[in-house]
>>> print(open('target-v6.tsv').read())   # TSV, C-alpha atoms and all ligand atoms
chain	number	residue	atom	x	y	z
S	1	MET	CA	106.88	19.22	118.48
S	2	THR	CA	103.49	17.65	119.05
S	3	SER	CA	101.29	15.49	116.92
S	4	PHE	CA	98.26	17.61	117.79
S	5	LYS	CA	96.69	19.45	114.87
S	6	PRO	CA	98.26	22.92	114.90
S	7	LEU	CA	95.87	25.51	116.28
S	8	VAL	CA	96.61	29.09	117.34
S	9	PHE	CA	94.79	30.67	120.30
S	10	SER	CA	95.28	34.01	122.01
S	11	GLY	CA	93.31	36.54	124.04
S	12	VAL	CA	93.27	40.22	124.93
S	13	GLN	CA	91.57	41.76	127.98
S	14	PRO	CA	88.94	44.48	127.49
S	15	THR	CA	90.49	46.62	130.21
S	16	GLY	CA	91.16	49.87	128.37
S	17	ASN	CA	92.49	51.31	125.17
S	18	LEU	CA	94.75	48.99	123.24
S	19	HIS	CA	98.26	50.33	122.82
S	20	LEU	CA	101.29	49.80	120.62
S	21	GLY	CA	102.56	47.08	123.03
S	22	ASN	CA	99.38	45.06	122.58
S	23	TYR	CA	99.60	45.60	118.84
S	24	LEU	CA	103.24	44.60	118.32
S	25	GLY	CA	103.31	41.97	121.07
S	26	ALA	CA	100.07	40.29	120.08
S	27	ILE	CA	97.59	41.58	117.49
S	28	ARG	CA	99.98	42.01	114.58
S	29	LYS	CA	101.19	38.47	115.13
S	30	PHE	CA	97.57	37.28	115.15
S	31	VAL	CA	97.17	38.80	111.70
S	32	ASP	CA	100.38	37.22	110.34
S	33	LEU	CA	99.54	33.79	111.76
S	34	GLN	CA	96.07	33.63	110.23
S	35	GLU	CA	97.59	33.21	106.75
S	36	SER	CA	98.71	29.63	107.37
S	37	ASN	CA	96.95	28.46	110.55
S	38	ASP	CA	93.55	27.90	112.06
S	39	CYS	CA	93.19	30.61	114.69
S	40	ILE	CA	90.91	31.42	117.62
S	41	TYR	CA	91.10	34.96	118.99
S	42	CYS	CA	89.24	35.81	122.14
S	43	VAL	CA	88.35	38.97	124.04
S	44	VAL	CA	88.91	37.69	127.56
S	45	ASP	CA	86.22	39.54	129.50
S	46	LEU	CA	86.25	37.10	132.43
S	47	HIS	CA	89.92	38.01	132.97
S	48	ALA	CA	89.01	41.70	132.92
S	49	ILE	CA	87.05	41.42	136.17
S	50	THR	CA	89.88	39.80	138.16
S	51	ALA	CA	91.71	43.07	138.93
S	52	GLN	CA	88.62	45.31	139.02
S	53	LEU	CA	85.13	43.88	139.36
S	54	VAL	CA	83.05	46.91	138.40
S	55	HIS	CA	83.84	48.48	135.03
S	56	GLY	CA	82.35	51.53	133.33
S	57	ASP	CA	81.20	49.62	130.27
S	58	LEU	CA	82.62	46.18	129.75
S	59	GLY	CA	80.41	45.63	126.69
S	60	ALA	CA	81.75	48.72	124.90
S	61	GLN	CA	85.33	47.74	125.76
S	62	THR	CA	84.74	44.24	124.40
S	63	ARG	CA	83.36	45.65	121.15
S	64	SER	CA	86.30	48.03	120.90
S	65	ILE	CA	88.88	45.22	121.21
S	66	THR	CA	86.91	43.24	118.63
S	67	ALA	CA	86.93	46.27	116.33
S	68	ALA	CA	90.73	46.47	116.78
S	69	PHE	CA	91.10	42.79	115.80
S	70	LEU	CA	89.02	43.29	112.66
S	71	ALA	CA	90.53	46.69	111.77
S	72	SER	CA	94.02	45.16	112.03
S	73	GLY	CA	93.03	42.55	109.45
S	74	ILE	CA	91.76	39.46	111.30
S	75	ASP	CA	89.20	37.63	109.18
S	76	PRO	CA	86.32	36.49	111.43
S	77	LYS	CA	84.88	34.23	108.73
S	78	LYS	CA	88.00	32.15	108.21
S	79	HIS	CA	88.89	32.18	111.91
S	80	ILE	CA	87.04	32.42	115.21
S	81	VAL	CA	86.62	35.74	117.03
S	82	PHE	CA	84.48	35.82	120.18
S	83	ASN	CA	84.31	36.94	123.80
S	84	GLN	CA	85.11	34.49	126.56
S	85	ALA	CA	81.92	34.88	128.62
S	86	ARG	CA	79.88	33.41	125.75
S	87	VAL	CA	81.55	30.02	126.18
S	88	PRO	CA	80.96	28.76	129.75
S	89	GLN	CA	83.37	25.84	129.26
S	90	HIS	CA	86.32	28.23	129.84
S	91	ALA	CA	85.21	28.77	133.44
S	92	GLU	CA	84.25	25.10	133.83
S	93	LEU	CA	87.66	23.83	132.76
S	94	ALA	CA	89.34	26.53	134.86
S	95	TRP	CA	87.65	25.05	137.93
S	96	ILE	CA	89.12	21.65	137.16
S	97	PHE	CA	92.52	23.28	136.60
S	98	ASN	CA	92.17	25.05	139.97
S	99	CYS	CA	92.14	21.57	141.42
S	100	VAL	CA	95.12	20.46	139.29
S	101	ALA	CA	97.35	23.50	139.93
S	102	ARG	CA	99.00	24.10	143.31
S	103	ILE	CA	98.68	27.32	145.32
S	104	GLY	CA	102.48	27.62	145.34
S	105	TRP	CA	102.52	27.76	141.53
S	106	MET	CA	100.10	30.71	141.56
S	107	ASN	CA	101.95	32.53	144.34
S	108	ARG	CA	105.09	32.54	142.21
S	109	MET	CA	103.49	34.39	139.27
S	110	THR	CA	105.15	37.78	138.81
S	111	GLN	CA	102.00	39.29	137.25
S	112	PHE	CA	100.04	38.41	140.40
S	113	LYS	CA	102.75	39.95	142.59
S	114	ASP	CA	102.79	43.14	140.44
S	115	LYS	CA	99.02	43.53	140.25
S	116	ALA	CA	98.26	42.56	143.85
S	117	GLY	CA	101.01	44.88	145.12
S	118	LYS	CA	101.60	45.09	148.85
S	119	ASP	CA	97.99	44.31	149.80
S	120	ARG	CA	97.98	40.69	148.61
S	121	GLU	CA	95.43	39.49	151.16
S	122	ASN	CA	92.95	41.92	149.66
S	123	ALA	CA	93.45	40.87	146.01
S	124	SER	CA	90.58	38.89	144.50
S	125	LEU	CA	90.82	35.12	144.43
S	126	GLY	CA	90.22	35.49	140.69
S	127	LEU	CA	93.45	37.47	140.32
S	128	LEU	CA	95.40	34.66	142.00
S	129	ALA	CA	93.69	32.04	139.81
S	130	TYR	CA	94.07	34.12	136.61
S	131	PRO	CA	96.71	31.77	135.10
S	132	SER	CA	94.44	28.79	135.67
S	133	LEU	CA	91.67	30.45	133.63
S	134	MET	CA	94.26	31.37	130.98
S	135	ALA	CA	95.35	27.71	130.79
S	136	ALA	CA	91.68	26.75	130.36
S	137	ASP	CA	91.21	29.35	127.59
S	138	ILE	CA	94.01	27.73	125.63
S	139	LEU	CA	93.49	24.07	126.47
S	140	VAL	CA	89.73	23.95	126.05
S	141	TYR	CA	90.63	24.15	122.33
S	142	ARG	CA	93.75	21.99	122.80
S	143	ALA	CA	95.61	24.86	121.09
S	144	THR	CA	99.24	24.18	120.18
S	145	HIS	CA	100.55	27.75	119.74
S	146	VAL	CA	99.91	31.03	121.56
S	147	PRO	CA	101.24	34.36	120.22
S	148	VAL	CA	101.86	36.66	123.21
S	149	GLY	CA	104.14	39.41	124.47
S	150	ASP	CA	107.12	38.51	126.62
S	151	ASP	CA	105.20	39.41	129.82
S	152	GLN	CA	103.01	36.33	129.37
S	153	LYS	CA	105.87	33.81	129.14
S	154	GLN	CA	105.54	32.67	132.75
S	155	HIS	CA	101.80	32.07	132.36
S	156	LEU	CA	102.47	29.91	129.31
S	157	GLU	CA	104.98	27.85	131.28
S	158	LEU	CA	102.31	27.34	133.92
S	159	THR	CA	99.85	26.25	131.22
S	160	ARG	CA	102.31	23.51	130.24
S	161	ASP	CA	102.74	22.51	133.89
S	162	ILE	CA	98.97	22.18	134.30
S	163	ALA	CA	98.65	20.17	131.06
S	164	ALA	CA	101.54	17.89	132.09
S	165	LYS	CA	100.11	17.25	135.57
S	166	PHE	CA	96.64	16.54	134.18
S	167	ASN	CA	98.05	14.18	131.53
S	168	ASN	CA	100.14	12.42	134.15
S	169	ASP	CA	97.52	12.23	136.93
S	170	PHE	CA	94.94	10.79	134.54
S	171	SER	CA	97.25	8.83	132.23
S	172	GLU	CA	95.53	5.52	132.95
S	173	LYS	CA	92.05	6.84	132.28
S	174	ILE	CA	93.20	8.73	129.16
S	175	GLY	CA	94.64	5.44	127.86
S	176	GLU	CA	91.53	3.47	128.81
S	177	LEU	CA	89.24	5.91	127.00
S	178	GLY	CA	91.60	6.07	124.00
S	179	VAL	CA	91.50	9.87	123.94
S	180	GLY	CA	95.25	10.52	124.21
S	181	VAL	CA	97.49	11.93	121.51
S	182	GLU	CA	101.15	11.00	121.20
S	183	MET	CA	103.58	13.84	121.63
S	184	GLN	CA	107.27	14.39	122.08
S	185	VAL	CA	108.17	15.97	125.43
S	186	GLY	CA	111.96	16.40	125.65
S	187	ASP	CA	113.42	12.97	124.85
S	188	GLU	CA	110.24	11.15	125.78
S	189	THR	CA	107.21	10.22	123.72
S	190	VAL	CA	104.14	10.56	125.92
S	191	ASN	CA	100.45	10.10	125.45
S	192	GLY	CA	98.29	12.90	126.78
S	193	PHE	CA	94.95	14.60	126.34
S	194	PHE	CA	96.31	18.15	126.45
S	195	PRO	CA	99.18	19.41	124.24
S	196	MET	CA	102.32	21.08	125.54
S	197	THR	CA	101.38	24.46	124.10
S	198	GLU	CA	104.20	26.59	122.76
S	199	PRO	CA	104.34	30.36	123.19
S	200	LEU	CA	105.18	32.39	120.08
S	201	ILE	CA	107.29	35.25	121.43
S	202	ASP	CA	109.63	36.57	118.78
S	203	GLY	CA	110.42	39.51	116.54
S	204	PRO	CA	112.54	42.63	117.01
S	205	ILE	CA	110.59	43.70	120.12
S	206	THR	CA	108.81	41.30	122.44
S	207	ARG	CA	108.17	43.80	125.26
S	208	VAL	CA	107.36	47.37	124.25
S	209	MET	CA	108.38	49.77	127.02
S	210	SER	CA	106.78	52.98	128.27
S	211	LEU	CA	107.65	56.11	126.26
S	212	ARG	CA	108.25	57.91	129.57
S	213	ASP	CA	110.43	55.26	131.22
S	214	GLY	CA	112.32	52.65	129.19
S	215	THR	CA	112.48	50.28	132.17
S	216	LYS	CA	108.67	49.97	132.55
S	217	LYS	CA	106.32	48.00	130.29
S	218	MET	CA	103.97	50.03	128.09
S	219	SER	CA	100.65	49.37	129.78
S	220	LYS	CA	96.96	50.29	129.59
S	221	SER	CA	96.91	51.07	133.29
S	222	ASP	CA	99.82	53.56	133.33
S	223	PRO	CA	98.29	56.84	134.59
S	224	SER	CA	100.26	58.85	132.00
S	225	ASP	CA	98.70	58.78	128.52
S	226	LEU	CA	102.04	60.05	127.18
S	227	SER	CA	103.59	56.70	128.20
S	228	ARG	CA	101.80	54.82	125.42
S	229	ILE	CA	100.52	55.12	121.87
S	230	ASN	CA	96.89	54.06	121.80
S	231	LEU	CA	95.56	52.32	118.71
S	232	THR	CA	92.85	55.01	118.63
S	233	ASP	CA	95.29	57.97	118.70
S	234	ASP	CA	95.11	60.29	115.69
S	235	ALA	CA	98.15	61.24	113.61
S	236	ASP	CA	98.91	64.44	115.58
S	237	THR	CA	98.73	62.67	118.93
S	238	ILE	CA	101.04	59.85	117.73
S	239	SER	CA	103.60	62.39	116.48
S	240	LYS	CA	103.38	64.45	119.67
S	241	LYS	CA	103.89	61.41	121.91
S	242	ILE	CA	106.93	60.24	119.94
S	243	LYS	CA	108.38	63.74	119.97
S	244	LYS	CA	107.97	63.90	123.75
S	245	ALA	CA	109.29	60.35	124.33
S	246	LYS	CA	112.09	60.25	126.89
S	247	THR	CA	115.57	59.72	125.41
S	248	ASP	CA	119.17	60.27	126.46
S	249	PRO	CA	121.36	63.07	124.99
S	250	GLU	CA	123.61	60.75	122.90
S	251	PRO	CA	123.05	60.07	119.19
S	252	LEU	CA	122.01	56.55	118.16
S	253	PRO	CA	124.96	54.14	118.38
S	254	SER	CA	126.68	52.77	115.30
S	255	ASP	CA	126.23	49.13	116.35
S	256	ILE	CA	123.59	47.13	118.21
S	257	GLU	CA	125.87	46.58	121.22
S	258	GLY	CA	125.79	50.33	121.80
S	259	LEU	CA	122.09	50.11	122.78
S	260	LYS	CA	123.02	48.27	125.99
S	261	GLY	CA	122.26	50.38	129.06
S	262	ARG	CA	120.16	52.78	126.95
S	263	PRO	CA	116.62	51.44	127.51
S	264	GLU	CA	114.76	54.33	125.86
S	265	ALA	CA	116.94	54.23	122.71
S	266	GLU	CA	116.63	50.43	122.58
S	267	ASN	CA	112.85	50.68	122.87
S	268	LEU	CA	112.47	53.22	120.05
S	269	VAL	CA	114.79	51.25	117.76
S	270	GLY	CA	112.82	48.05	118.49
S	271	ILE	CA	109.51	49.81	117.78
S	272	TYR	CA	110.86	51.18	114.49
S	273	ALA	CA	112.13	47.74	113.42
S	274	ALA	CA	108.83	46.02	114.28
S	275	LEU	CA	106.69	48.63	112.51
S	276	ALA	CA	108.93	48.64	109.44
S	277	GLY	CA	109.09	44.83	109.34
S	278	THR	CA	112.88	44.86	109.52
S	279	THR	CA	115.60	44.07	112.06
S	280	ARG	CA	117.09	46.27	114.78
S	281	GLU	CA	120.46	45.81	113.04
S	282	GLN	CA	119.02	47.33	109.87
S	283	VAL	CA	117.60	50.30	111.80
S	284	ILE	CA	121.01	50.91	113.35
S	285	ALA	CA	122.62	50.59	109.91
S	286	ASP	CA	120.23	53.27	108.62
S	287	PHE	CA	120.20	55.65	111.61
S	288	GLY	CA	123.43	54.91	113.57
S	289	GLY	CA	125.20	58.16	114.55
S	290	GLN	CA	122.06	60.27	113.97
S	291	GLN	CA	120.49	62.47	116.63
S	292	PHE	CA	117.01	61.73	118.03
S	293	SER	CA	115.91	64.98	116.35
S	294	VAL	CA	116.31	63.07	113.07
S	295	PHE	CA	115.21	59.62	114.20
S	296	LYS	CA	112.05	60.63	116.06
S	297	PRO	CA	110.31	62.33	113.07
S	298	ALA	CA	111.10	59.27	110.91
S	299	LEU	CA	109.62	57.01	113.59
S	300	ALA	CA	106.57	59.26	113.94
S	301	ASP	CA	105.93	59.15	110.17
S	302	LEU	CA	106.25	55.37	110.15
S	303	ALA	CA	103.96	54.94	113.17
S	304	VAL	CA	101.30	57.23	111.67
S	305	ASP	CA	101.56	55.38	108.36
S	306	LYS	CA	100.99	51.98	110.02
S	307	LEU	CA	98.57	52.88	112.82
S	308	ALA	CA	96.32	55.70	111.55
S	309	PRO	CA	94.47	53.46	109.02
S	310	ILE	CA	93.69	51.02	111.86
S	311	ALA	CA	92.23	53.84	113.98
S	312	THR	CA	90.08	55.01	111.05
S	313	GLU	CA	88.76	51.50	110.41
S	314	MET	CA	88.15	50.95	114.15
S	315	ARG	CA	85.98	54.08	114.30
S	316	LYS	CA	83.93	52.83	111.32
S	317	LEU	CA	83.41	49.43	112.92
S	318	GLU	CA	82.58	50.85	116.34
S	319	ALA	CA	79.78	52.85	114.72
S	320	ASP	CA	78.10	49.53	113.90
S	321	PRO	CA	77.80	47.65	117.22
S	322	ALA	CA	75.19	45.27	115.77
S	323	TYR	CA	77.75	43.99	113.26
S	324	ILE	CA	80.39	43.50	115.98
S	325	ASP	CA	77.87	41.63	118.12
S	326	SER	CA	77.01	39.37	115.20
S	327	VAL	CA	80.71	38.52	114.76
S	328	LEU	CA	81.01	37.67	118.47
S	329	ARG	CA	77.81	35.63	118.45
S	330	ASP	CA	78.86	33.61	115.43
S	331	GLY	CA	82.39	33.10	116.82
S	332	GLY	CA	80.95	32.13	120.19
S	333	GLU	CA	78.80	29.42	118.61
S	334	ARG	CA	81.72	27.93	116.71
S	335	ALA	CA	84.07	28.13	119.69
S	336	GLY	CA	81.38	26.69	121.96
S	337	ALA	CA	81.01	23.58	119.82
S	338	ILE	CA	84.73	22.78	120.17
S	339	ALA	CA	84.82	23.62	123.88
S	340	GLU	CA	81.76	21.51	124.62
S	341	ALA	CA	83.32	18.44	123.03
S	342	THR	CA	86.54	18.94	125.02
S	343	MET	CA	84.68	19.35	128.31
S	344	LYS	CA	82.61	16.22	127.69
S	345	THR	CA	85.82	14.19	127.42
S	346	VAL	CA	87.47	15.99	130.36
S	347	LYS	CA	84.49	15.06	132.56
S	348	GLN	CA	84.79	11.44	131.46
S	349	ILE	CA	88.52	11.48	132.21
S	350	VAL	CA	88.02	13.01	135.66
S	351	GLY	CA	85.08	10.70	136.39
S	352	LEU	CA	82.41	13.38	136.73
S	353	LEU	CA	79.00	12.20	135.59
S	354	ASP	CA	77.64	14.09	132.57
S	355	ASN	CA	74.47	12.47	131.32
S	401	LIG	N1	104.14	46.39	126.55
S	401	LIG	C1	103.87	45.27	125.88
S	401	LIG	N2	104.75	44.79	124.97
S	401	LIG	C2	104.48	43.65	124.26
S	401	LIG	N3	103.34	42.95	124.42
S	401	LIG	C3	102.44	43.40	125.32
S	401	LIG	N4	101.24	42.94	125.71
S	401	LIG	C4	100.72	43.75	126.66
S	401	LIG	N5	101.57	44.76	126.92
S	401	LIG	C5	102.66	44.57	126.10
S	401	LIG	C6	100.61	41.75	125.13
S	401	LIG	O1	99.31	42.11	124.70
S	401	LIG	C7	98.47	40.95	124.83
S	401	LIG	C8	97.20	41.34	125.50
S	401	LIG	O2	97.49	41.86	126.79
S	401	LIG	P1	96.31	42.00	127.84
S	401	LIG	O3	95.56	43.22	127.59
S	401	LIG	O4	95.52	40.79	127.88
S	401	LIG	O5	97.04	42.06	129.21
S	401	LIG	P2	98.13	42.94	129.82
S	401	LIG	O6	99.45	42.30	129.51
S	401	LIG	O7	97.76	43.01	131.25
S	401	LIG	O8	98.05	44.39	129.11
S	401	LIG	P3	98.47	45.74	129.79
S	401	LIG	O9	98.42	46.80	128.79
S	401	LIG	O10	99.76	45.60	130.50
S	401	LIG	O11	97.30	45.98	130.79
S	401	LIG	P4	97.36	46.36	132.30
S	401	LIG	O12	97.85	47.75	132.34
S	401	LIG	O13	95.93	46.23	132.72
S	401	LIG	O14	98.27	45.39	132.97
S	401	LIG	C9	99.28	39.89	125.58
S	401	LIG	O15	99.76	38.94	124.65
S	401	LIG	C10	100.42	40.66	126.17
S	401	LIG	O16	101.58	39.87	126.28
>>> encode(input="target-v6.tsv", output="structure tokens")
Amino acid sequence: MTSFKPLVFSGVQPTGNLHLGNYLGAIRKFVDLQESNDCIYCVVDLHAITAQLVHGDLGAQTRSITAAFLASGIDPKKHIVFNQARVPQHAELAWIFNCVARIGWMNRMTQFKDKAGKDRENASLGLLAYPSLMAADILVYRATHVPVGDDQKQHLELTRDIAAKFNNDFSEKIGELGVGVEMQVGDETVNGFFPMTEPLIDGPITRVMSLRDGTKKMSKSDPSDLSRINLTDDADTISKKIKKAKTDPEPLPSDIEGLKGRPEAENLVGIYAALAGTTREQVIADFGGQQFSVFKPALADLAVDKLAPIATEMRKLEADPAYIDSVLRDGGERAGAIAEATMKTVKQIVGLLDN
């Protein structure tokens, strides 16, 4: 619990087609949260160049993610939608956070280990510092809540570590300038400039797994297109991918405990529950004991029902790049005004001259 004004922030990388994991882990939550919160949603293009510097068309990818936000129901007038590169304060604050965070913290990040693979020495410095830029994305708005998939939990913990170290290292100056906000951290009440941001990771499925291997995360970079449902897939493709999804030969269990040790079955039940807006228990109550030959067509119908209208709307929006650019420009201006004010204070706190 903090006494900061509640503000939701989250970002998605323009690194390829969005998939069902991105939708259920992030975008659908963005849509739900906008009803009762102020929200800032960002296409994080600076993150997209950390793993691969040269992209086919970063601009088109950025517009496509923006189209997915809007097609899913995010209102860019009530909330802020923009791309990260438009607001230079993200990179500026990230530099300060690079000096707050320790190399050891970055080396422990599982995403860095996964993405760098065996050839760590050859990974970009940007990939190592990715979580520092992510902390800056969030904290340049002093955002209190971040809806993300389960894979981002560790990065959110690091964001809190960076905020806590900054608040602690500069506590005297923050007090002197009178720019601190009181917040509850554990049993203590502390005064800090940055909030202890909370991740919002909940729902019936927090990590959507590959349709080809229930132990691997559904991911944009998986070489097999059959491993994921893309938000742009048409109805036939969605049905075909669900039909071909790997399963075991047993029918669905009659209780939730029976999903243990059956990753593919657990994944499909979780996907069904999330798309239907119900619980996994309810799905098991409805389909327990049934064969996949019954469950898969029901899941395919549900997925088509929920996702096909988004694909149609995305195609309409993508046909009007000038409109998408105007949304990003307007969002960038509004985001920039907040970020500029934060950076002005951060520079005063750190003692950097800014006049
Ligand atoms: N499989 C997933 N299940 C649930 N949530 C997921 N997210 C990603 N994959 C899953 C969530 O989607 C948001 C945006 O992710 P991102 O594109 O910024 O980064 P990512 O996690 O690197 O996405 P991918 O698909 O896994 O890309 P690659 O293949 O490039 O690594 C985040 O909130 C993330 O948690």
>>> atom_distance(input="target-v6.tsv", atom1="atom CA of S:Gly289", atom2="atom N3 of ligand LIG 401 (chain S)")
28.4 Å
>>> residues_near_ligand(input="target-v6.tsv", ligand="ligand LIG 401 (chain S)", cutoff="8 Å", atoms="all atoms listed in the file", output="PyMOL selection string")
chain S and resi 10-16+18-27+44+115+147-153+205-210+217-222
>>> closest_residue(input="target-v6.tsv", among="S:Ala143, S:Ile174, S:Ala85, S:Val294", to="S:Pro6", atoms="all atoms listed in the file")
S:Ala143
>>> atom_distance(input="target-v6.tsv", atom1="atom CA of S:Ile256", atom2="atom CA of S:Leu268")
12.8 Å
>>> residues_around(input="target-v6.tsv", residues="S:Lys347", least_positions_apart="3", cutoff="12 Å", atoms="only C-alpha atoms", output="list in words")
Gln89, Glu92, Leu93, Trp95, Ile96, Phe170, Lys173, Ile174, Leu177, Glu340, Ala341, Thr342, Met343, Lys344, Val350, Gly351, Leu352, Leu353, Asp354 and Asn355 of chain S
>>> residues_around(input="target-v6.tsv", residues="S:Leu317", least_positions_apart="4", cutoff="10 Å", atoms="all atoms listed in the file", output="ChimeraX atom specification")
/S:63-64,66-68,70-71,311-313,321-324
>>> atom_distance(input="target-v6.tsv", atom1="atom CA of S:Glu176", atom2="atom CA of S:Asp161")
22.7 Å
>>> closest_residue(input="target-v6.tsv", among="S:Glu250, S:Asp137, S:Glu121, S:Asp330", to="S:Gly288", atoms="all atoms listed in the file")
S:Glu250
>>> closest_residue(input="target-v6.tsv", among="S:Gly331, S:Gly214, S:Gly270, S:Pro249", to="S:Gln84", atoms="all atoms listed in the file")
S:Gly331
>>> axis_aligned_box(input="target-v6.tsv", around="stretch 114-133 of chain S", padding_each_side="4 Å", output="lines of an AutoDock Vina configuration file")
center_x = 96.5
center_y = 36.9
center_z = 142.4
size_x = 20.6
size_y = 24.3
size_z = 25.5
>>> residues_around(input="target-v6.tsv", residues="S:Asp38", least_positions_apart="2", cutoff="7 Å", atoms="all atoms listed in the file", output="list in words")
Leu7, Val8, Gln34 and His79 of chain S
>>> write_last_selection(input="target-v6.tsv", atoms="C-alpha atoms", output="PDB file, in the coordinates of the input")
ATOM      1  CA  LEU S   7      95.870  25.510 116.280  1.00  0.00           C
ATOM      2  CA  VAL S   8      96.610  29.090 117.340  1.00  0.00           C
ATOM      3  CA  GLN S  34      96.070  33.630 110.230  1.00  0.00           C
ATOM      4  CA  HIS S  79      88.890  32.180 111.910  1.00  0.00           C
TER       5      HIS S  79
END
>>> closest_residue(input="target-v6.tsv", among="S:Asn167, S:Asn37, S:Asn17, S:Thr144", to="S:Ser3", atoms="only C-alpha atoms")
S:Thr144
>>> residues_around(input="target-v6.tsv", residues="S:Lys243", least_positions_apart="3", cutoff="8 Å", atoms="all atoms listed in the file", output="VMD selection string")
chain S and resid 239 to 240 296 to 297 300
>>> closest_residue(input="target-v6.tsv", among="S:Leu211, S:Ala51, S:Ile349, S:Ala116", to="S:Val179", atoms="only C-alpha atoms")
S:Ile349
>>> residues_near_point(input="target-v6.tsv", point="(101.3, 15.8, 132.7)", cutoff="12 Å", atoms="all atoms listed in the file", output="JSON, numbers by chain")
{"S": [100, 101, 158, 159, 160, 161, 162, 163, 164, 165, 166, 167, 168, 169, 170, 171, 172, 174, 180, 183, 185, 190, 191, 192, 193, 194, 195, 196]}
>>> closest_residue(input="target-v6.tsv", among="S:Asn122, S:Ala129, S:Arg28, S:Leu200", to="S:Leu275", atoms="all atoms listed in the file")
S:Arg28
